[in-house]
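Participant: Below is one structure. I have some questions about it.
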Amino acid sequence: MRIYPAIDIRGGKAVRLKMGNYDDMTVYGDDPVKVALDFKALGAQYIHVVDLDAARVGESENSKVIGRIAAETGLPVQTGGGIRSLENIETKINAGVSRVIIGTRAVEEPEFVGKAIERFGADRIVVGLDAKNGMAAVRGWEQESNKTVMDLAEVFRDMGVKTIVYTDISRDGMLSGPDVITTEKLVDITGLDIIASGGVGSSFDLERLEEIGVEGVIIGKAYYEGKVDLKKEIPKYL
(Lines give C-alpha, C1' and ligand atoms only; values in the text may rest on other atoms or scores of the structure.)
Protein backbone atom coordinates (compact mmCIF):
# COMPACT_ATOMS: atom_id res chain seq x y z
CA MET A 1 0.00 0.00 0.00
CA ARG A 2 1.38 3.37 -1.00
CA ILE A 3 0.90 6.47 1.11
CA TYR A 4 0.14 9.59 -0.92
CA PRO A 5 0.78 12.78 1.09
CA ALA A 6 -1.68 15.40 -0.13
CA ILE A 7 -1.32 19.06 -0.96
CA ASP A 8 -4.48 21.00 -1.76
CA ILE A 9 -3.72 24.33 -3.41
CA ARG A 10 -5.92 27.40 -3.37
CA GLY A 11 -4.66 30.85 -4.25
CA GLY A 12 -1.14 29.48 -4.45
CA LYS A 13 -1.19 28.26 -0.83
CA ALA A 14 -1.36 24.78 0.75
CA VAL A 15 -4.77 24.47 2.41
CA ARG A 16 -7.36 21.94 3.60
CA LEU A 17 -11.13 22.14 3.43
CA LYS A 18 -13.70 20.44 5.64
CA MET A 19 -16.04 18.19 3.63
CA GLY A 20 -15.17 20.12 0.49
CA ASN A 21 -16.54 23.37 1.90
CA TYR A 22 -14.66 26.30 0.39
CA ASP A 23 -15.86 28.52 3.24
CA ASP A 24 -14.26 26.26 5.86
CA MET A 25 -10.60 26.39 4.92
CA THR A 26 -7.36 26.19 6.90
CA VAL A 27 -4.05 27.41 5.44
CA TYR A 28 -1.11 25.12 6.27
CA GLY A 29 1.61 26.73 4.20
CA ASP A 30 2.31 29.69 1.95
CA ASP A 31 4.62 27.63 -0.27
CA PRO A 32 3.26 24.28 -1.54
CA VAL A 33 6.67 23.43 -3.02
CA LYS A 34 8.24 23.58 0.43
CA VAL A 35 5.47 21.36 1.78
CA ALA A 36 6.19 18.84 -0.99
CA LEU A 37 9.91 18.90 -0.20
CA ASP A 38 9.07 18.24 3.45
CA PHE A 39 7.07 15.19 2.34
CA LYS A 40 10.03 13.97 0.33
CA ALA A 41 12.26 14.32 3.38
CA LEU A 42 9.80 12.14 5.31
CA GLY A 43 10.20 9.38 2.74
CA ALA A 44 7.27 10.01 0.41
CA GLN A 45 7.48 8.15 -2.88
CA TYR A 46 4.59 9.97 -4.57
CA ILE A 47 2.79 13.30 -4.09
CA HIS A 48 -0.94 13.90 -4.51
CA VAL A 49 -1.92 17.46 -5.47
CA VAL A 50 -5.37 18.99 -5.90
CA ASP A 51 -5.94 22.36 -7.56
CA LEU A 52 -8.99 23.61 -5.67
CA ASP A 53 -9.32 26.78 -7.74
CA ALA A 54 -9.36 24.80 -10.97
CA ALA A 55 -11.86 22.31 -9.55
CA ARG A 56 -14.35 25.15 -9.42
CA VAL A 57 -13.55 27.13 -12.54
CA GLY A 58 -11.24 25.10 -14.80
CA GLU A 59 -7.55 25.83 -15.49
CA SER A 60 -5.80 28.13 -12.98
CA GLU A 61 -2.46 29.71 -12.22
CA ASN A 62 -1.75 26.91 -9.74
CA SER A 63 -0.56 24.76 -12.65
CA LYS A 64 2.79 26.53 -12.47
CA VAL A 65 3.17 25.61 -8.80
CA ILE A 66 2.25 21.99 -9.49
CA GLY A 67 4.90 21.85 -12.20
CA ARG A 68 7.46 23.19 -9.72
CA ILE A 69 6.50 20.50 -7.19
CA ALA A 70 7.24 17.80 -9.76
CA ALA A 71 10.49 19.44 -10.88
CA GLU A 72 11.91 20.36 -7.48
CA THR A 73 11.04 17.15 -5.62
CA GLY A 74 11.88 14.81 -8.48
CA LEU A 75 8.98 12.64 -7.26
CA PRO A 76 6.07 11.41 -9.37
CA VAL A 77 3.04 13.65 -8.88
CA GLN A 78 -0.60 12.89 -9.52
CA THR A 79 -2.89 15.88 -9.75
CA GLY A 80 -6.56 16.66 -10.18
CA GLY A 81 -8.91 19.59 -10.13
CA GLY A 82 -10.35 21.30 -13.18
CA ILE A 83 -9.32 18.70 -15.74
CA ARG A 84 -11.94 19.43 -18.37
CA SER A 85 -10.11 18.86 -21.68
CA LEU A 86 -7.38 16.86 -23.36
CA GLU A 87 -5.42 20.10 -23.52
CA ASN A 88 -5.60 20.41 -19.69
CA ILE A 89 -4.14 16.92 -19.40
CA GLU A 90 -1.41 17.64 -21.92
CA THR A 91 -0.45 20.84 -20.09
CA LYS A 92 -0.08 18.97 -16.79
CA ILE A 93 1.95 16.15 -18.35
CA ASN A 94 4.20 18.63 -20.17
CA ALA A 95 4.76 20.34 -16.80
CA GLY A 96 6.12 17.08 -15.41
CA VAL A 97 3.07 15.51 -13.77
CA SER A 98 3.03 11.70 -13.89
CA ARG A 99 -0.72 11.06 -13.59
CA VAL A 100 -3.76 13.24 -14.10
CA ILE A 101 -7.00 12.70 -12.18
CA ILE A 102 -10.24 13.31 -14.06
CA GLY A 103 -13.25 13.98 -11.84
CA THR A 104 -16.16 16.12 -12.99
CA ARG A 105 -15.65 15.53 -16.71
CA ALA A 106 -15.41 11.77 -16.11
CA VAL A 107 -18.75 11.71 -14.32
CA GLU A 108 -20.54 14.02 -16.74
CA GLU A 109 -19.05 12.49 -19.89
CA PRO A 110 -17.52 9.04 -19.25
CA GLU A 111 -16.47 8.64 -22.88
CA PHE A 112 -14.00 11.50 -22.35
CA VAL A 113 -11.97 9.14 -20.16
CA GLY A 114 -11.74 6.69 -23.05
CA LYS A 115 -10.40 9.45 -25.29
CA ALA A 116 -7.84 10.44 -22.65
CA ILE A 117 -6.62 6.86 -22.29
CA GLU A 118 -6.36 6.49 -26.06
CA ARG A 119 -4.25 9.62 -26.32
CA PHE A 120 -2.09 9.47 -23.18
CA GLY A 121 -2.22 5.83 -22.06
CA ALA A 122 -3.93 4.19 -19.07
CA ASP A 123 -0.90 4.68 -16.83
CA ARG A 124 -1.31 8.45 -17.10
CA ILE A 125 -5.04 8.65 -16.39
CA VAL A 126 -6.74 8.24 -13.02
CA VAL A 127 -10.46 8.69 -12.37
CA GLY A 128 -11.56 10.53 -9.23
CA LEU A 129 -14.92 9.43 -7.82
CA ASP A 130 -16.16 11.61 -4.98
CA ALA A 131 -19.29 10.49 -3.14
CA LYS A 132 -22.14 12.34 -1.48
CA ASN A 133 -24.67 9.84 -0.13
CA GLY A 134 -23.34 7.24 -2.54
CA MET A 135 -23.79 9.51 -5.56
CA ALA A 136 -20.89 10.98 -7.51
CA ALA A 137 -20.36 14.70 -6.90
CA VAL A 138 -18.96 17.19 -9.41
CA ARG A 139 -17.84 20.83 -9.79
CA GLY A 140 -15.56 21.01 -6.78
CA TRP A 141 -17.91 18.70 -4.83
CA GLU A 142 -20.60 21.38 -4.87
CA GLN A 143 -23.09 19.51 -7.08
CA GLU A 144 -24.42 15.95 -6.99
CA SER A 145 -24.86 13.88 -10.16
CA ASN A 146 -27.48 11.18 -10.69
CA LYS A 147 -24.86 8.43 -10.99
CA THR A 148 -23.65 6.06 -8.28
CA VAL A 149 -19.95 5.64 -7.57
CA MET A 150 -20.18 1.87 -7.91
CA ASP A 151 -21.86 1.94 -11.33
CA LEU A 152 -19.35 4.46 -12.64
CA ALA A 153 -16.40 2.47 -11.35
CA GLU A 154 -17.52 -0.55 -13.37
CA VAL A 155 -18.00 1.58 -16.47
CA PHE A 156 -14.47 2.96 -16.18
CA ARG A 157 -12.98 -0.47 -15.53
CA ASP A 158 -14.49 -1.67 -18.79
CA MET A 159 -12.92 1.33 -20.56
CA GLY A 160 -9.44 0.31 -19.44
CA VAL A 161 -9.00 2.56 -16.39
CA LYS A 162 -6.48 1.06 -13.95
CA THR A 163 -6.72 3.38 -10.95
CA ILE A 164 -9.56 5.14 -9.12
CA VAL A 165 -9.31 7.64 -6.27
CA TYR A 166 -12.41 7.23 -4.08
CA THR A 167 -13.38 9.97 -1.63
CA ASP A 168 -16.28 10.06 0.82
CA ILE A 169 -16.87 13.80 0.97
CA SER A 170 -18.67 13.66 4.32
CA ARG A 171 -15.47 12.33 5.91
CA ASP A 172 -12.93 14.48 4.11
CA GLY A 173 -10.98 16.66 6.51
CA MET A 174 -12.91 15.29 9.50
CA LEU A 175 -10.33 12.76 10.83
CA SER A 176 -13.28 10.47 11.64
CA GLY A 177 -12.09 7.36 9.82
CA PRO A 178 -12.37 6.33 6.16
CA ASP A 179 -15.35 4.76 4.43
CA VAL A 180 -13.99 1.23 4.69
CA ILE A 181 -17.23 -0.49 3.61
CA THR A 182 -17.62 1.24 0.25
CA THR A 183 -13.89 1.24 -0.39
CA GLU A 184 -13.73 -2.53 0.15
CA LYS A 185 -16.66 -3.03 -2.24
CA LEU A 186 -14.83 -1.04 -4.89
CA VAL A 187 -11.69 -3.14 -4.42
CA ASP A 188 -13.57 -6.45 -4.53
CA ILE A 189 -16.09 -5.71 -7.28
CA THR A 190 -13.90 -3.81 -9.74
CA GLY A 191 -10.52 -5.43 -9.20
CA LEU A 192 -8.97 -2.02 -9.89
CA ASP A 193 -6.25 -0.19 -7.99
CA ILE A 194 -8.30 1.83 -5.51
CA ILE A 195 -6.77 4.79 -3.69
CA ALA A 196 -8.72 5.66 -0.54
CA SER A 197 -9.24 9.30 0.35
CA GLY A 198 -11.09 11.10 3.12
CA GLY A 199 -11.32 10.59 6.84
CA VAL A 200 -7.97 9.04 7.75
CA GLY A 201 -7.14 10.16 11.27
CA SER A 202 -4.88 7.53 12.82
CA SER A 203 -2.40 4.72 12.25
CA PHE A 204 -5.25 2.28 12.88
CA ASP A 205 -7.10 3.69 9.86
CA LEU A 206 -4.08 2.90 7.71
CA GLU A 207 -4.00 -0.67 8.99
CA ARG A 208 -7.69 -1.14 8.18
CA LEU A 209 -7.21 0.12 4.65
CA GLU A 210 -4.22 -2.12 4.06
CA GLU A 211 -6.27 -5.11 5.21
CA ILE A 212 -8.95 -4.54 2.55
CA GLY A 213 -6.39 -4.35 -0.24
CA VAL A 214 -6.32 -0.73 -1.39
CA GLU A 215 -3.46 0.29 -3.65
CA GLY A 216 -2.91 3.47 -1.71
CA VAL A 217 -4.24 6.01 0.75
CA ILE A 218 -4.22 9.79 0.58
CA ILE A 219 -3.25 11.58 3.77
CA GLY A 220 -3.74 15.29 4.25
CA LYS A 221 -5.19 16.76 7.41
CA ALA A 222 -4.11 13.78 9.55
CA TYR A 223 -0.52 14.76 8.83
CA TYR A 224 -1.00 18.51 9.11
CA GLU A 225 -2.75 18.13 12.48
CA GLY A 226 -0.13 15.71 13.85
CA LYS A 227 -2.44 12.69 13.96
CA VAL A 228 -0.27 10.52 11.71
CA ASP A 229 3.54 10.46 11.76
CA LEU A 230 4.50 9.97 8.13
CA LYS A 231 8.17 9.45 8.94
CA LYS A 232 7.07 6.41 10.92
CA GLU A 233 4.21 5.22 8.74
CA ILE A 234 5.59 5.54 5.19
CA PRO A 235 8.36 2.91 5.66
CA LYS A 236 5.78 0.40 6.96
CA TYR A 237 4.03 0.26 3.63
CA LEU A 238 6.89 0.47 1.13
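In the C-alpha coordinates, each chain is lettered A, B, ... as it comes, each chain's residues begin at 1, and ligands are numbered from 1 in order of appearance.
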How would you write, as a ChimeraX atom specification, the set of residues in region 70-209 of chain A that DSSP gives as alpha helix (DSSP H)?
Facilitator: /A:70-73,86-94,104-108,111-120,149-159,180-190,203-209
Participant: Which residues are close to region 16-32 of chain A, i.e. within 8 Å by only C-alpha atoms, leaving aside same-chain residues fewer than 5 positions away? Reply as a VMD selection string.
Facilitator: chain A and resid 7 to 9 65 69 140 to 142 169 to 174 220 to 221 224
Participant: Could you tell me which of A:Ala44, A:Ile125, A:Met150, A:Ala131 comes closest to Asp229 (chain A) if we count only C-alpha atoms?
Facilitator: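 The closest residue to Asp229 (chain A) is A:Ala44.
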Participant: Would you work out the distance separating CA of Ala122 (chain A) from CA of Lys162 (chain A), expressed in Å to one decimal?
Facilitator: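 CA of Lys162 (chain A) lies 6.5 Å from CA of Ala122 (chain A).
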Participant: Going by DSSP on the backbone, which residues of region 146-234 of chain A come out as strand (DSSP E)? List them as an MDAnalysis selection string.
Facilitator: chainID A and resid 146:148 163:168 193:197 216:219
Participant: Let's have the selection written as a PDB file, in the first residue's frame, with N, CA and C atoms.
Facilitator:
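Full text of part38.pdb as output:
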```pdb
ATOM      1  N   ASN A 146     -26.476  12.225 -10.888  1.00  0.00           N
ATOM      2  CA  ASN A 146     -27.485  11.176 -10.688  1.00  0.00           C
ATOM      3  C   ASN A 146     -26.884   9.788 -10.906  1.00  0.00           C
ATOM      4  N   LYS A 147     -25.557   9.690 -10.728  1.00  0.00           N
ATOM      5  CA  LYS A 147     -24.861   8.433 -10.990  1.00  0.00           C
ATOM      6  C   LYS A 147     -24.193   7.927  -9.714  1.00  0.00           C
ATOM      7  N   THR A 148     -24.290   6.614  -9.469  1.00  0.00           N
ATOM      8  CA  THR A 148     -23.649   6.059  -8.281  1.00  0.00           C
ATOM      9  C   THR A 148     -22.169   5.810  -8.545  1.00  0.00           C
ATOM     10  N   THR A 163      -6.769   2.829 -12.306  1.00  0.00           N
ATOM     11  CA  THR A 163      -6.720   3.384 -10.950  1.00  0.00           C
ATOM     12  C   THR A 163      -7.866   4.354 -10.719  1.00  0.00           C
ATOM     13  N   ILE A 164      -8.490   4.231  -9.535  1.00  0.00           N
ATOM     14  CA  ILE A 164      -9.556   5.143  -9.124  1.00  0.00           C
ATOM     15  C   ILE A 164      -9.228   5.695  -7.738  1.00  0.00           C
ATOM     16  N   VAL A 165      -9.381   7.009  -7.591  1.00  0.00           N
ATOM     17  CA  VAL A 165      -9.313   7.638  -6.271  1.00  0.00           C
ATOM     18  C   VAL A 165     -10.749   7.790  -5.777  1.00  0.00           C
ATOM     19  N   TYR A 166     -11.056   7.149  -4.648  1.00  0.00           N
ATOM     20  CA  TYR A 166     -12.410   7.228  -4.083  1.00  0.00           C
ATOM     21  C   TYR A 166     -12.402   8.069  -2.816  1.00  0.00           C
ATOM     22  N   THR A 167     -13.269   9.073  -2.778  1.00  0.00           N
ATOM     23  CA  THR A 167     -13.382   9.966  -1.630  1.00  0.00           C
ATOM     24  C   THR A 167     -14.813  10.008  -1.122  1.00  0.00           C
ATOM     25  N   ASP A 168     -14.992   9.805   0.173  1.00  0.00           N
ATOM     26  CA  ASP A 168     -16.277  10.062   0.818  1.00  0.00           C
ATOM     27  C   ASP A 168     -16.228  11.495   1.330  1.00  0.00           C
ATOM     28  N   ASP A 193      -7.051  -0.824  -9.031  1.00  0.00           N
ATOM     29  CA  ASP A 193      -6.254  -0.188  -7.987  1.00  0.00           C
ATOM     30  C   ASP A 193      -7.081   0.951  -7.407  1.00  0.00           C
ATOM     31  N   ILE A 194      -7.483   0.813  -6.160  1.00  0.00           N
ATOM     32  CA  ILE A 194      -8.299   1.835  -5.509  1.00  0.00           C
ATOM     33  C   ILE A 194      -7.446   2.596  -4.506  1.00  0.00           C
ATOM     34  N   ILE A 195      -7.454   3.916  -4.640  1.00  0.00           N
ATOM     35  CA  ILE A 195      -6.767   4.790  -3.688  1.00  0.00           C
ATOM     36  C   ILE A 195      -7.838   5.411  -2.794  1.00  0.00           C
ATOM     37  N   ALA A 196      -7.731   5.165  -1.490  1.00  0.00           N
ATOM     38  CA  ALA A 196      -8.719   5.661  -0.536  1.00  0.00           C
ATOM     39  C   ALA A 196      -8.395   7.080  -0.110  1.00  0.00           C
ATOM     40  N   SER A 197      -9.429   7.893  -0.006  1.00  0.00           N
ATOM     41  CA  SER A 197      -9.241   9.298   0.352  1.00  0.00           C
ATOM     42  C   SER A 197     -10.394   9.763   1.233  1.00  0.00           C
ATOM     43  N   GLY A 216      -3.520   2.355  -2.403  1.00  0.00           N
ATOM     44  CA  GLY A 216      -2.910   3.473  -1.708  1.00  0.00           C
ATOM     45  C   GLY A 216      -3.914   4.236  -0.874  1.00  0.00           C
ATOM     46  N   VAL A 217      -3.397   5.171  -0.089  1.00  0.00           N
ATOM     47  CA  VAL A 217      -4.240   6.010   0.748  1.00  0.00           C
ATOM     48  C   VAL A 217      -3.692   7.428   0.727  1.00  0.00           C
ATOM     49  N   ILE A 218      -4.593   8.378   0.597  1.00  0.00           N
ATOM     50  CA  ILE A 218      -4.220   9.788   0.576  1.00  0.00           C
ATOM     51  C   ILE A 218      -4.329  10.349   1.991  1.00  0.00           C
ATOM     52  N   ILE A 219      -3.269  11.005   2.425  1.00  0.00           N
ATOM     53  CA  ILE A 219      -3.248  11.576   3.772  1.00  0.00           C
ATOM     54  C   ILE A 219      -2.988  13.072   3.684  1.00  0.00           C
TER      55      ILE A 219
END
```
Participant: Could you pull the residues within 10 Å of Ser202 (chain A), counting only C-alpha atoms, minus those fewer than 5 positions along the same chain, as number ranges by chain?
Facilitator: A: 175-177, 207, 222-223, 226-229
Participant: Given only C-alpha atoms as the basis, pick out the residue of A:Tyr46, A:Phe204, A:Phe120, A:Phe156 nearest to Lys92 (chain A).
Facilitator: A:Phe120
Participant: Considering only C-alpha atoms, can you say which of A:Asp158, A:Asp179, A:Glu90, A:Glu109 comes closest to Gly134 (chain A)?
Facilitator: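 Closest to Gly134 (chain A) of all the choices is A:Asp179.
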Participant: Smallest atom-to-atom distance to Val77 (chain A): which of A:Arg124, A:Lys34, A:Arg105, A:Lys13, using only C-alpha atoms?
Facilitator: A:Arg124
Participant: Tell me which of A:Val200, A:Ala95, A:Val149, A:Leu186 sits closest to Ala137 (chain A), counting only C-alpha atoms.
Facilitator: A:Val149
Participant: List as JSON, numbers by chain the protein and nucleic acid residues near Ile83 (chain A), meaning an atom at most 8 Å away when only C-alpha atoms are counted, but skip any in the same chain fewer than 4 places from it.
Facilitator: {"A": [54, 55, 58, 59, 88, 89, 100, 101, 102, 103, 104, 105]}
Participant: Would you mind reading off the distance between CA of Glu118 (chain A) and CA of Glu215 (chain A), one decimal, in Å?
Facilitator: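 It comes out at 23.4 Å.
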